[in-house]
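Here is the file model_31.cif (mmCIF, C-alpha atoms and all ligand atoms).
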data_coords
loop_
_atom_site.label_atom_id
_atom_site.label_comp_id
_atom_site.auth_asym_id
_atom_site.auth_seq_id
_atom_site.Cartn_x
_atom_site.Cartn_y
_atom_site.Cartn_z
CA MET A 65 103.60 117.25 66.92
CA THR A 66 107.07 117.61 68.37
CA THR A 67 109.93 119.73 67.12
CA SER A 68 113.37 120.48 68.49
CA LEU A 69 113.90 123.16 71.11
CA GLN A 70 114.41 126.47 69.37
CA VAL A 71 115.33 129.69 71.15
CA PRO A 72 116.07 132.83 69.10
CA GLY A 73 119.81 133.51 69.30
CA THR A 74 119.74 137.30 69.59
CA ASP A 75 117.60 139.97 71.24
CA SER A 76 116.42 141.31 67.87
CA ALA A 77 115.49 137.81 66.66
CA ALA A 78 113.46 137.20 69.82
CA ALA A 79 111.62 140.53 69.47
CA ARG A 80 110.89 139.88 65.79
CA LEU A 81 109.64 136.37 66.51
CA ILE A 82 107.24 137.57 69.24
CA SER A 83 105.97 140.25 66.85
CA GLU A 84 105.31 137.64 64.16
CA ALA A 85 103.76 135.21 66.64
CA SER A 86 101.41 137.88 67.96
CA LYS A 87 100.26 138.78 64.45
CA ALA A 88 99.81 135.09 63.65
CA LEU A 89 97.59 134.72 66.72
CA ALA A 90 95.50 137.69 65.61
CA PHE A 91 95.08 136.22 62.14
CA GLY A 92 94.21 132.87 63.73
CA GLY A 93 91.29 134.43 65.65
CA LEU A 94 92.79 134.45 69.15
CA SER A 95 92.35 138.17 69.88
CA ASP A 96 90.59 139.54 72.95
CA LEU A 97 91.11 143.30 72.43
CA VAL A 98 94.44 144.05 74.16
CA TRP A 99 94.59 140.93 76.36
CA GLY A 100 96.57 137.73 75.88
CA HIS A 101 100.26 137.24 75.11
CA VAL A 102 102.88 134.89 73.71
CA SER A 103 106.39 134.46 75.12
CA VAL A 104 109.67 132.78 74.33
CA ARG A 105 112.61 131.97 76.59
CA ASP A 106 115.63 134.27 76.40
CA HIS A 107 118.71 132.71 74.77
CA ALA A 108 120.89 133.73 77.74
CA ASN A 109 118.30 132.64 80.33
CA ARG A 110 117.81 136.22 81.53
CA GLY A 111 114.02 135.79 81.47
CA ILE A 112 111.27 135.83 78.84
CA TRP A 113 110.38 137.90 75.80
CA MET A 114 106.78 139.08 75.49
CA LYS A 115 104.86 142.16 74.33
CA GLU A 116 104.22 145.20 76.49
CA SER A 117 100.63 145.54 77.74
CA GLY A 118 98.00 147.73 76.09
CA LEU A 119 98.42 146.43 72.52
CA GLY A 120 96.31 144.02 70.51
CA PHE A 121 98.07 141.03 68.96
CA GLU A 122 98.02 142.61 65.50
CA GLU A 123 99.70 145.78 66.80
CA VAL A 124 102.82 144.17 68.24
CA ALA A 125 105.97 145.44 66.53
CA PRO A 126 109.48 144.28 67.50
CA ASP A 127 110.04 147.51 69.44
CA SER A 128 106.97 146.81 71.60
CA VAL A 129 108.44 143.51 72.84
CA GLN A 130 110.11 143.39 76.26
CA LEU A 131 112.65 141.15 77.96
CA ILE A 132 111.22 140.50 81.44
CA GLY A 133 113.57 139.06 84.05
CA TRP A 134 112.53 136.10 86.18
CA ASP A 135 111.80 138.53 89.05
CA GLY A 136 109.55 140.69 86.87
CA THR A 137 112.05 143.45 86.12
CA VAL A 138 111.79 144.83 82.57
CA LEU A 139 115.36 144.42 81.32
CA VAL A 140 114.84 145.45 77.68
CA GLY A 141 112.07 147.55 76.17
CA THR A 142 109.69 150.19 77.39
CA GLY A 143 106.03 150.52 78.28
CA PRO A 144 103.94 148.77 80.90
CA ARG A 145 104.41 145.09 81.68
CA HIS A 146 101.56 142.57 81.55
CA ILE A 147 100.39 141.58 85.05
CA GLU A 148 100.04 137.97 83.89
CA TYR A 149 103.70 137.53 82.97
CA LEU A 150 103.54 135.31 86.07
CA ILE A 151 101.74 132.66 84.02
CA HIS A 152 104.81 132.39 81.84
CA THR A 153 107.48 132.50 84.55
CA GLY A 154 105.53 129.93 86.59
CA VAL A 155 105.27 127.47 83.71
CA TYR A 156 108.85 127.92 82.50
CA ALA A 157 110.11 127.28 86.04
CA ALA A 158 108.23 123.98 86.14
CA ARG A 159 108.79 122.79 82.56
CA ALA A 160 112.34 122.71 81.16
CA ASP A 161 110.95 121.24 77.94
CA VAL A 162 108.86 124.36 77.20
CA THR A 163 110.36 127.14 75.09
CA SER A 164 107.25 129.12 74.19
CA ILE A 165 103.88 129.83 75.86
CA VAL A 166 100.64 131.32 74.55
CA HIS A 167 97.99 132.71 76.90
CA ALA A 168 94.72 133.73 75.21
CA HIS A 169 91.12 134.54 76.17
CA SER A 170 89.54 133.39 72.92
CA ASP A 171 85.77 133.16 72.50
CA ALA A 172 85.20 129.57 71.38
CA VAL A 173 87.49 128.05 74.01
CA ASN A 174 85.80 130.05 76.76
CA ALA A 175 82.32 129.10 75.53
CA TRP A 176 83.27 125.40 75.26
CA CYS A 177 84.88 125.47 78.74
CA SER A 178 81.64 126.78 80.23
CA LEU A 179 79.79 123.67 78.99
CA ASP A 180 82.27 121.39 80.80
CA VAL A 181 81.85 118.73 78.11
CA PRO A 182 84.78 116.69 76.80
CA MET A 183 86.53 117.66 73.59
CA ARG A 184 85.36 115.31 70.84
CA PRO A 185 87.63 114.45 67.93
CA LEU A 186 85.37 115.90 65.24
CA THR A 187 88.32 117.20 63.20
CA HIS A 188 92.09 116.73 63.10
CA ALA A 189 92.39 119.75 65.40
CA GLY A 190 89.98 118.10 67.82
CA MET A 191 91.99 114.89 67.70
CA ILE A 192 94.99 116.67 69.21
CA PHE A 193 93.09 117.77 72.30
CA SER A 194 90.83 114.80 72.93
CA ASN A 195 93.58 112.24 73.46
CA PRO A 196 94.53 113.08 76.13
CA GLU A 197 92.16 115.84 77.21
CA LEU A 198 93.53 119.10 78.53
CA PRO A 199 93.49 119.60 82.33
CA ARG A 200 91.55 122.46 83.92
CA PHE A 201 92.69 125.08 86.45
CA ASP A 202 89.58 125.87 88.47
CA GLU A 203 91.08 127.72 91.45
CA THR A 204 90.19 131.16 90.13
CA ALA A 205 88.75 132.83 87.05
CA ASN A 206 90.56 136.04 87.92
CA LEU A 207 93.98 137.18 86.75
CA ILE A 208 97.07 135.16 87.59
CA ARG A 209 98.67 138.00 89.51
CA THR A 210 100.90 136.31 92.11
CA PRO A 211 103.89 133.96 91.81
CA GLU A 212 101.97 131.44 93.91
CA LEU A 213 99.07 131.38 91.46
CA GLY A 214 101.54 130.97 88.61
CA GLU A 215 103.08 127.98 90.40
CA ARG A 216 99.71 126.36 91.03
CA LEU A 217 98.68 126.92 87.43
CA ALA A 218 101.88 125.13 86.38
CA GLU A 219 100.97 122.29 88.75
CA ALA A 220 97.56 121.99 87.09
CA LEU A 221 99.27 121.96 83.67
CA GLY A 222 101.50 119.09 84.77
CA ASP A 223 103.10 117.49 81.72
CA ALA A 224 100.20 118.34 79.40
CA VAL A 225 100.61 120.59 76.35
CA GLY A 226 98.11 123.09 77.70
CA VAL A 227 95.67 123.90 80.48
CA LEU A 228 92.18 125.38 80.37
CA ILE A 229 91.24 128.23 82.72
CA PRO A 230 87.42 128.30 82.75
CA GLN A 231 85.84 131.78 82.56
CA HIS A 232 89.25 133.20 81.68
CA GLY A 233 91.05 131.45 78.80
CA PHE A 234 93.82 128.92 78.38
CA VAL A 235 97.57 128.41 78.39
CA MET A 236 99.32 126.50 75.61
CA THR A 237 102.96 125.42 75.47
CA GLY A 238 105.42 124.42 72.79
CA GLU A 239 108.96 123.29 72.19
CA ASP A 240 109.23 126.34 69.98
CA VAL A 241 107.12 129.37 69.08
CA PRO A 242 105.48 127.92 65.94
CA THR A 243 104.32 124.86 67.89
CA ALA A 244 102.84 126.89 70.77
CA VAL A 245 101.06 129.26 68.36
CA MET A 246 99.73 126.48 66.15
CA ARG A 247 98.46 124.50 69.13
CA ALA A 248 96.64 127.60 70.38
CA VAL A 249 95.07 128.29 66.98
CA LEU A 250 94.08 124.65 66.53
CA LEU A 251 92.48 124.52 70.00
CA GLU A 252 90.29 127.51 69.12
CA ARG A 253 89.36 125.87 65.81
CA ALA A 254 88.54 122.57 67.54
CA ALA A 255 86.33 124.36 70.07
CA THR A 256 84.59 126.31 67.30
CA THR A 257 83.71 123.13 65.41
CA LEU A 258 82.51 121.34 68.54
CA LEU A 259 80.29 124.27 69.54
CA ALA A 260 78.77 124.39 66.05
CA ALA A 261 78.01 120.66 66.16
CA LEU A 262 76.58 120.78 69.69
CA SER A 263 74.33 123.70 68.80
CA ALA A 264 73.00 121.94 65.70
CA GLY A 265 71.98 118.65 67.28
CA GLU A 266 73.20 115.43 68.81
CA VAL A 267 76.79 114.66 67.97
CA ARG A 268 76.85 111.06 66.74
CA SER A 269 80.10 110.60 64.89
CA TRP A 270 83.73 111.29 65.73
CA ALA A 271 87.13 109.75 65.10
CA SER A 272 87.55 106.20 66.38
CA ASP A 273 89.99 105.14 69.09
CA ALA A 274 91.99 103.40 66.35
CA ASP A 275 92.19 106.64 64.37
CA LEU A 276 93.22 108.54 67.51
CA ALA A 277 95.93 106.00 68.33
CA GLU A 278 97.37 106.36 64.84
CA PHE A 279 96.97 110.12 64.59
CA ALA A 280 100.00 112.43 64.61
CA TRP A 281 100.42 115.95 63.31
CA PRO A 282 103.74 115.99 61.42
CA PRO A 283 106.20 118.76 62.42
CA ASN A 284 106.46 119.92 58.81
CA GLN A 285 102.70 120.57 58.78
CA ILE A 286 102.96 122.57 62.01
CA GLN A 287 105.67 124.62 60.31
CA ALA A 288 103.53 124.98 57.16
CA GLY A 289 100.57 126.19 59.20
CA TRP A 290 102.76 128.68 61.07
CA ASN A 291 104.26 129.96 57.81
CA TYR A 292 100.75 130.48 56.43
CA LEU A 293 99.57 132.38 59.50
CA VAL A 294 102.60 134.69 59.52
CA ARG A 295 102.61 135.48 55.79
CA SER A 296 98.81 135.98 55.79
CA ALA A 297 99.00 138.31 58.78
CA LEU A 298 101.84 140.31 57.23
CA ALA A 299 100.06 140.46 53.85
CA MET A 300 96.91 141.76 55.53
CA GLU A 301 99.00 144.35 57.36
CA ALA A 302 100.65 145.45 54.10
CA ARG A 303 97.27 145.82 52.37
CA THR A 304 96.02 147.91 55.28
CA VAL A 305 99.04 150.21 55.02
CA VAL A 306 98.50 150.64 51.26
CA GLU A 307 94.80 151.40 51.78
CA ARG A 308 95.76 154.17 54.22
CA LEU A 309 98.13 155.86 51.80
CA PRO A 310 96.82 159.20 50.46
CA LEU A 311 95.67 159.10 46.85
ZN ZN A 401 94.53 136.24 81.12
#
Can you give me the file's structure in the form of C-alpha cells?
Amino acid sequence: MTTSLQVPGTDSAAARLISEASKALAFGGLSDLVWGHVSVRDHANRGIWMKESGLGFEEVAPDSVQLIGWDGTVLVGTGPRHIEYLIHTGVYAARADVTSIVHAHSDAVNAWCSLDVPMRPLTHAGMIFSNPELPRFDETANLIRTPELGERLAEALGDAVGVLIPQHGFVMTGEDVPTAVMRAVLLERAATTLLAALSAGEVRSWASDADLAEFAWPPNQIQAGWNYLVRSALAMEARTVVERLPL
C-alpha cells in the first residue's frame, strides 16, 4: 500500500485537498462532531495545512483550511486553530517519509481499543492492521496539547503506519493524502467487523499466515477507494444543497 510522496504544489491545491479529505473522512464514518483533523505538508515547508477548529469533517471548505507554521503560528487562513496540531507537527518532525496525517476519534476504533485484544485479519482491511499490529500510546487519554507530548506520541508511532491512543482515538499516516485517509477509513472498518464478530460469539476463523504474507493492497485500489469516498461525499453534499433550495 505504498505510493509516491505527493505534496500539493500550491496553497489553493492544498486547501482544496484538505477540504476533500475531510469530506471523505466524514463519508467514511470517521466523524466525532467537530473533533479530528487531517493534514498535509506544505509544498514550501512552511508548516502544515489543516482545517480550523469548530467544524465537522463534512463542513470543511477550502476557505476554512489554515496553513499552520511549525511553531504554531497561523500563516494563512482565519478562525481558531486546533489545539492538537501538535500531533501533526510532532509526527512530521520525526518522519520524513510522511506527507499526510489523519487524527480521528472514531467509535469502533475506540471501542476495540478498550478491549485491548489484537486485531484479527477477518477482512482485507483487518489484514492491513494485524501484520504488524499498530502500537499504542498509553501515556495519556487527554489531548496532545504540548510539543513534548507530540514528540512522545511520535516515538510511540515509531516506523509504523499508525498509532492507537486508547480512550481518545488514533493517528494514521500516509505518503500522500489518499493513503492516509484510506488507511484511517479501513482501520475503522476493520474494527467495526471485529467488534461485530466478538459480540456474536467465539471468533474461530481468520486469514492464515500464508495469506497475510502474500497480502498487499495495490496503490491503484487505494486511489480507487479514495476517488469513491470523495465523489460520494461531494454527491451527497450536492443532493443536500438541492434539497434545501426553495420550491
Ligand atoms: Zn484528539
Please write as a compact mmCIF listing (two decimals) with C-alpha atoms, keeping the file's coordinate frame the list of polymer residues whose atoms come within 9 Å of (112.7, 147.6, 72.7), counting all atoms listed in the file and keeping to the coordinates of the file.
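part33.txt was written with the following content:
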# COMPACT_ATOMS: atom_id res chain seq x y z
CA SER A 76 116.42 141.31 67.87
CA ALA A 79 111.62 140.53 69.47
CA PRO A 126 109.48 144.28 67.50
CA ASP A 127 110.04 147.51 69.44
CA SER A 128 106.97 146.81 71.60
CA VAL A 129 108.44 143.51 72.84
CA GLN A 130 110.11 143.39 76.26
CA LEU A 131 112.65 141.15 77.96
CA VAL A 140 114.84 145.45 77.68
CA GLY A 141 112.07 147.55 76.17
CA THR A 142 109.69 150.19 77.39
Using only C-alpha atoms, determine which residues lie at most 8 Å from His167 (chain A), disregarding the query and same-chain residues fewer than 3 positions distant; provide the list as a PyMOL selection string. chain A and resi 100-102+233-236
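Taking only C-alpha atoms and all ligand atoms into account, ligand ZN 401 (chain A) lies nearest to A:Ile147 out of the set A:Ala85, A:Leu94, A:Ala248, A:Ile147.
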In Å to one decimal, how far is CA of Glu239 (chain A) from CA of Leu217 (chain A)?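 Between CA of Leu217 (chain A) and CA of Glu239 (chain A) the gap is 18.7 Å.
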Between A:Ala244, A:Leu250, A:Ala78, A:Leu298, single out the one closest to Ala172 (chain A), counting all atoms listed in the file.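 Ranking A:Ala244, A:Leu250, A:Ala78, A:Leu298 by distance to Ala172 (chain A), first place goes to A:Leu250.
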For ligand ZN 401 (chain A), the nearest of the candidates A:Met246, A:Ser170, A:Glu278, A:Gly190, counting all atoms listed in the file: A:Ser170
Correct to one decimal, the distance CA of Gly154 (chain A)-CA of Glu212 (chain A) is 8.3 Å
Report, in Å with one decimal, the straight-line distance from atom ZN of ligand ZN 401 (chain A) to CA of Glu148 (chain A).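 For atom ZN of ligand ZN 401 (chain A) relative to CA of Glu148 (chain A), the distance reads 6.4 Å.
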Would you mind listing what lies within 12 Å of Gln285 (chain A) as a VMD selection string, with all atoms listed in the file counted and same-chain residues fewer than 2 positions away left out? chain A and resid 65 to 67 242 to 243 246 to 247 280 to 283 287 to 292
Best match for closeness to ligand ZN 401 (chain A) among A:Leu150, A:Val305, A:Met191, A:Ala297, counting all atoms listed in the file: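 For ligand ZN 401 (chain A), the nearest of the candidates is A:Leu150.
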Out of A:Leu309, A:Ala77, A:Leu186, A:Met300, which residue has the shortest atom-to-atom distance to Arg268 (chain A) when counting only C-alpha atoms?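 Of all the options, A:Leu186 lies closest to Arg268 (chain A).
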How would region 85-109 of chain A look with N, CA, C and O atoms restored, written as a PDB file, keeping the file's coordinate frame?
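Contents of result-v4.pdb, freshly written:
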ATOM      1  N   ALA A  85     104.658 136.149  65.952  1.00  0.00           N
ATOM      2  CA  ALA A  85     103.760 135.210  66.640  1.00  0.00           C
ATOM      3  C   ALA A  85     102.470 135.901  67.068  1.00  0.00           C
ATOM      4  O   ALA A  85     101.374 135.339  66.971  1.00  0.00           O
ATOM      5  N   SER A  86     102.599 137.134  67.539  1.00  0.00           N
ATOM      6  CA  SER A  86     101.410 137.880  67.960  1.00  0.00           C
ATOM      7  C   SER A  86     100.488 138.130  66.781  1.00  0.00           C
ATOM      8  O   SER A  86      99.260 137.966  66.877  1.00  0.00           O
ATOM      9  N   LYS A  87     101.066 138.527  65.652  1.00  0.00           N
ATOM     10  CA  LYS A  87     100.260 138.780  64.450  1.00  0.00           C
ATOM     11  C   LYS A  87      99.638 137.490  63.929  1.00  0.00           C
ATOM     12  O   LYS A  87      98.498 137.484  63.444  1.00  0.00           O
ATOM     13  N   ALA A  88     100.367 136.390  64.043  1.00  0.00           N
ATOM     14  CA  ALA A  88      99.810 135.090  63.650  1.00  0.00           C
ATOM     15  C   ALA A  88      98.623 134.726  64.524  1.00  0.00           C
ATOM     16  O   ALA A  88      97.612 134.199  64.037  1.00  0.00           O
ATOM     17  N   LEU A  89      98.706 135.003  65.815  1.00  0.00           N
ATOM     18  CA  LEU A  89      97.590 134.720  66.720  1.00  0.00           C
ATOM     19  C   LEU A  89      96.378 135.581  66.389  1.00  0.00           C
ATOM     20  O   LEU A  89      95.239 135.099  66.445  1.00  0.00           O
ATOM     21  N   ALA A  90      96.617 136.831  66.022  1.00  0.00           N
ATOM     22  CA  ALA A  90      95.500 137.690  65.610  1.00  0.00           C
ATOM     23  C   ALA A  90      94.840 137.123  64.374  1.00  0.00           C
ATOM     24  O   ALA A  90      93.603 137.006  64.307  1.00  0.00           O
ATOM     25  N   PHE A  91      95.646 136.762  63.382  1.00  0.00           N
ATOM     26  CA  PHE A  91      95.080 136.220  62.140  1.00  0.00           C
ATOM     27  C   PHE A  91      94.340 134.907  62.413  1.00  0.00           C
ATOM     28  O   PHE A  91      93.353 134.590  61.751  1.00  0.00           O
ATOM     29  N   GLY A  92      94.829 134.143  63.396  1.00  0.00           N
ATOM     30  CA  GLY A  92      94.210 132.870  63.730  1.00  0.00           C
ATOM     31  C   GLY A  92      92.957 132.993  64.592  1.00  0.00           C
ATOM     32  O   GLY A  92      92.368 131.983  64.969  1.00  0.00           O
ATOM     33  N   GLY A  93      92.547 134.220  64.928  1.00  0.00           N
ATOM     34  CA  GLY A  93      91.290 134.430  65.650  1.00  0.00           C
ATOM     35  C   GLY A  93      91.407 134.336  67.159  1.00  0.00           C
ATOM     36  O   GLY A  93      90.418 134.069  67.836  1.00  0.00           O
ATOM     37  N   LEU A  94      92.593 134.607  67.701  1.00  0.00           N
ATOM     38  CA  LEU A  94      92.790 134.450  69.150  1.00  0.00           C
ATOM     39  C   LEU A  94      92.708 135.771  69.903  1.00  0.00           C
ATOM     40  O   LEU A  94      92.974 135.808  71.105  1.00  0.00           O
ATOM     41  N   SER A  95      92.325 136.855  69.240  1.00  0.00           N
ATOM     42  CA  SER A  95      92.350 138.170  69.880  1.00  0.00           C
ATOM     43  C   SER A  95      91.243 138.337  70.913  1.00  0.00           C
ATOM     44  O   SER A  95      90.138 137.831  70.737  1.00  0.00           O
ATOM     45  N   ASP A  96      91.571 139.062  71.975  1.00  0.00           N
ATOM     46  CA  ASP A  96      90.590 139.540  72.950  1.00  0.00           C
ATOM     47  C   ASP A  96      90.978 140.989  73.260  1.00  0.00           C
ATOM     48  O   ASP A  96      91.573 141.264  74.304  1.00  0.00           O
ATOM     49  N   LEU A  97      90.710 141.889  72.313  1.00  0.00           N
ATOM     50  CA  LEU A  97      91.110 143.300  72.430  1.00  0.00           C
ATOM     51  C   LEU A  97      92.618 143.378  72.732  1.00  0.00           C
ATOM     52  O   LEU A  97      93.405 142.950  71.909  1.00  0.00           O
ATOM     53  N   VAL A  98      93.005 143.892  73.891  1.00  0.00           N
ATOM     54  CA  VAL A  98      94.440 144.050  74.160  1.00  0.00           C
ATOM     55  C   VAL A  98      94.968 142.991  75.146  1.00  0.00           C
ATOM     56  O   VAL A  98      96.065 143.137  75.688  1.00  0.00           O
ATOM     57  N   TRP A  99      94.187 141.921  75.359  1.00  0.00           N
ATOM     58  CA  TRP A  99      94.590 140.930  76.360  1.00  0.00           C
ATOM     59  C   TRP A  99      95.058 139.630  75.706  1.00  0.00           C
ATOM     60  O   TRP A  99      94.581 139.250  74.648  1.00  0.00           O
ATOM     61  N   GLY A 100      95.944 138.944  76.400  1.00  0.00           N
ATOM     62  CA  GLY A 100      96.570 137.730  75.880  1.00  0.00           C
ATOM     63  C   GLY A 100      97.989 138.044  75.441  1.00  0.00           C
ATOM     64  O   GLY A 100      98.324 139.193  75.122  1.00  0.00           O
ATOM     65  N   HIS A 101      98.843 137.026  75.451  1.00  0.00           N
ATOM     66  CA  HIS A 101     100.260 137.240  75.110  1.00  0.00           C
ATOM     67  C   HIS A 101     100.930 135.927  74.754  1.00  0.00           C
ATOM     68  O   HIS A 101     100.437 134.846  75.111  1.00  0.00           O
ATOM     69  N   VAL A 102     102.049 136.045  74.059  1.00  0.00           N
ATOM     70  CA  VAL A 102     102.880 134.890  73.710  1.00  0.00           C
ATOM     71  C   VAL A 102     104.302 135.223  74.136  1.00  0.00           C
ATOM     72  O   VAL A 102     104.725 136.368  74.032  1.00  0.00           O
ATOM     73  N   SER A 103     105.023 134.225  74.635  1.00  0.00           N
ATOM     74  CA  SER A 103     106.390 134.460  75.120  1.00  0.00           C
ATOM     75  C   SER A 103     107.335 133.417  74.567  1.00  0.00           C
ATOM     76  O   SER A 103     106.919 132.354  74.083  1.00  0.00           O
ATOM     77  N   VAL A 104     108.626 133.745  74.653  1.00  0.00           N
ATOM     78  CA  VAL A 104     109.670 132.780  74.330  1.00  0.00           C
ATOM     79  C   VAL A 104     110.798 132.961  75.344  1.00  0.00           C
ATOM     80  O   VAL A 104     111.035 134.074  75.832  1.00  0.00           O
ATOM     81  N   ARG A 105     111.477 131.883  75.654  1.00  0.00           N
ATOM     82  CA  ARG A 105     112.610 131.970  76.590  1.00  0.00           C
ATOM     83  C   ARG A 105     113.736 132.813  75.976  1.00  0.00           C
ATOM     84  O   ARG A 105     113.962 132.780  74.776  1.00  0.00           O
ATOM     85  N   ASP A 106     114.458 133.510  76.837  1.00  0.00           N
ATOM     86  CA  ASP A 106     115.630 134.270  76.400  1.00  0.00           C
ATOM     87  C   ASP A 106     116.809 133.319  76.172  1.00  0.00           C
ATOM     88  O   ASP A 106     117.007 132.368  76.926  1.00  0.00           O
ATOM     89  N   HIS A 107     117.596 133.599  75.142  1.00  0.00           N
ATOM     90  CA  HIS A 107     118.710 132.710  74.770  1.00  0.00           C
ATOM     91  C   HIS A 107     119.797 132.658  75.842  1.00  0.00           C
ATOM     92  O   HIS A 107     120.532 131.683  75.935  1.00  0.00           O
ATOM     93  N   ALA A 108     119.896 133.715  76.671  1.00  0.00           N
ATOM     94  CA  ALA A 108     120.890 133.730  77.740  1.00  0.00           C
ATOM     95  C   ALA A 108     120.257 133.455  79.105  1.00  0.00           C
ATOM     96  O   ALA A 108     120.878 133.697  80.141  1.00  0.00           O
ATOM     97  N   ASN A 109     119.028 132.979  79.100  1.00  0.00           N
ATOM     98  CA  ASN A 109     118.300 132.640  80.330  1.00  0.00           C
ATOM     99  C   ASN A 109     118.148 133.826  81.275  1.00  0.00           C
ATOM    100  O   ASN A 109     118.119 133.672  82.499  1.00  0.00           O
TER     101      ASN A 109
END
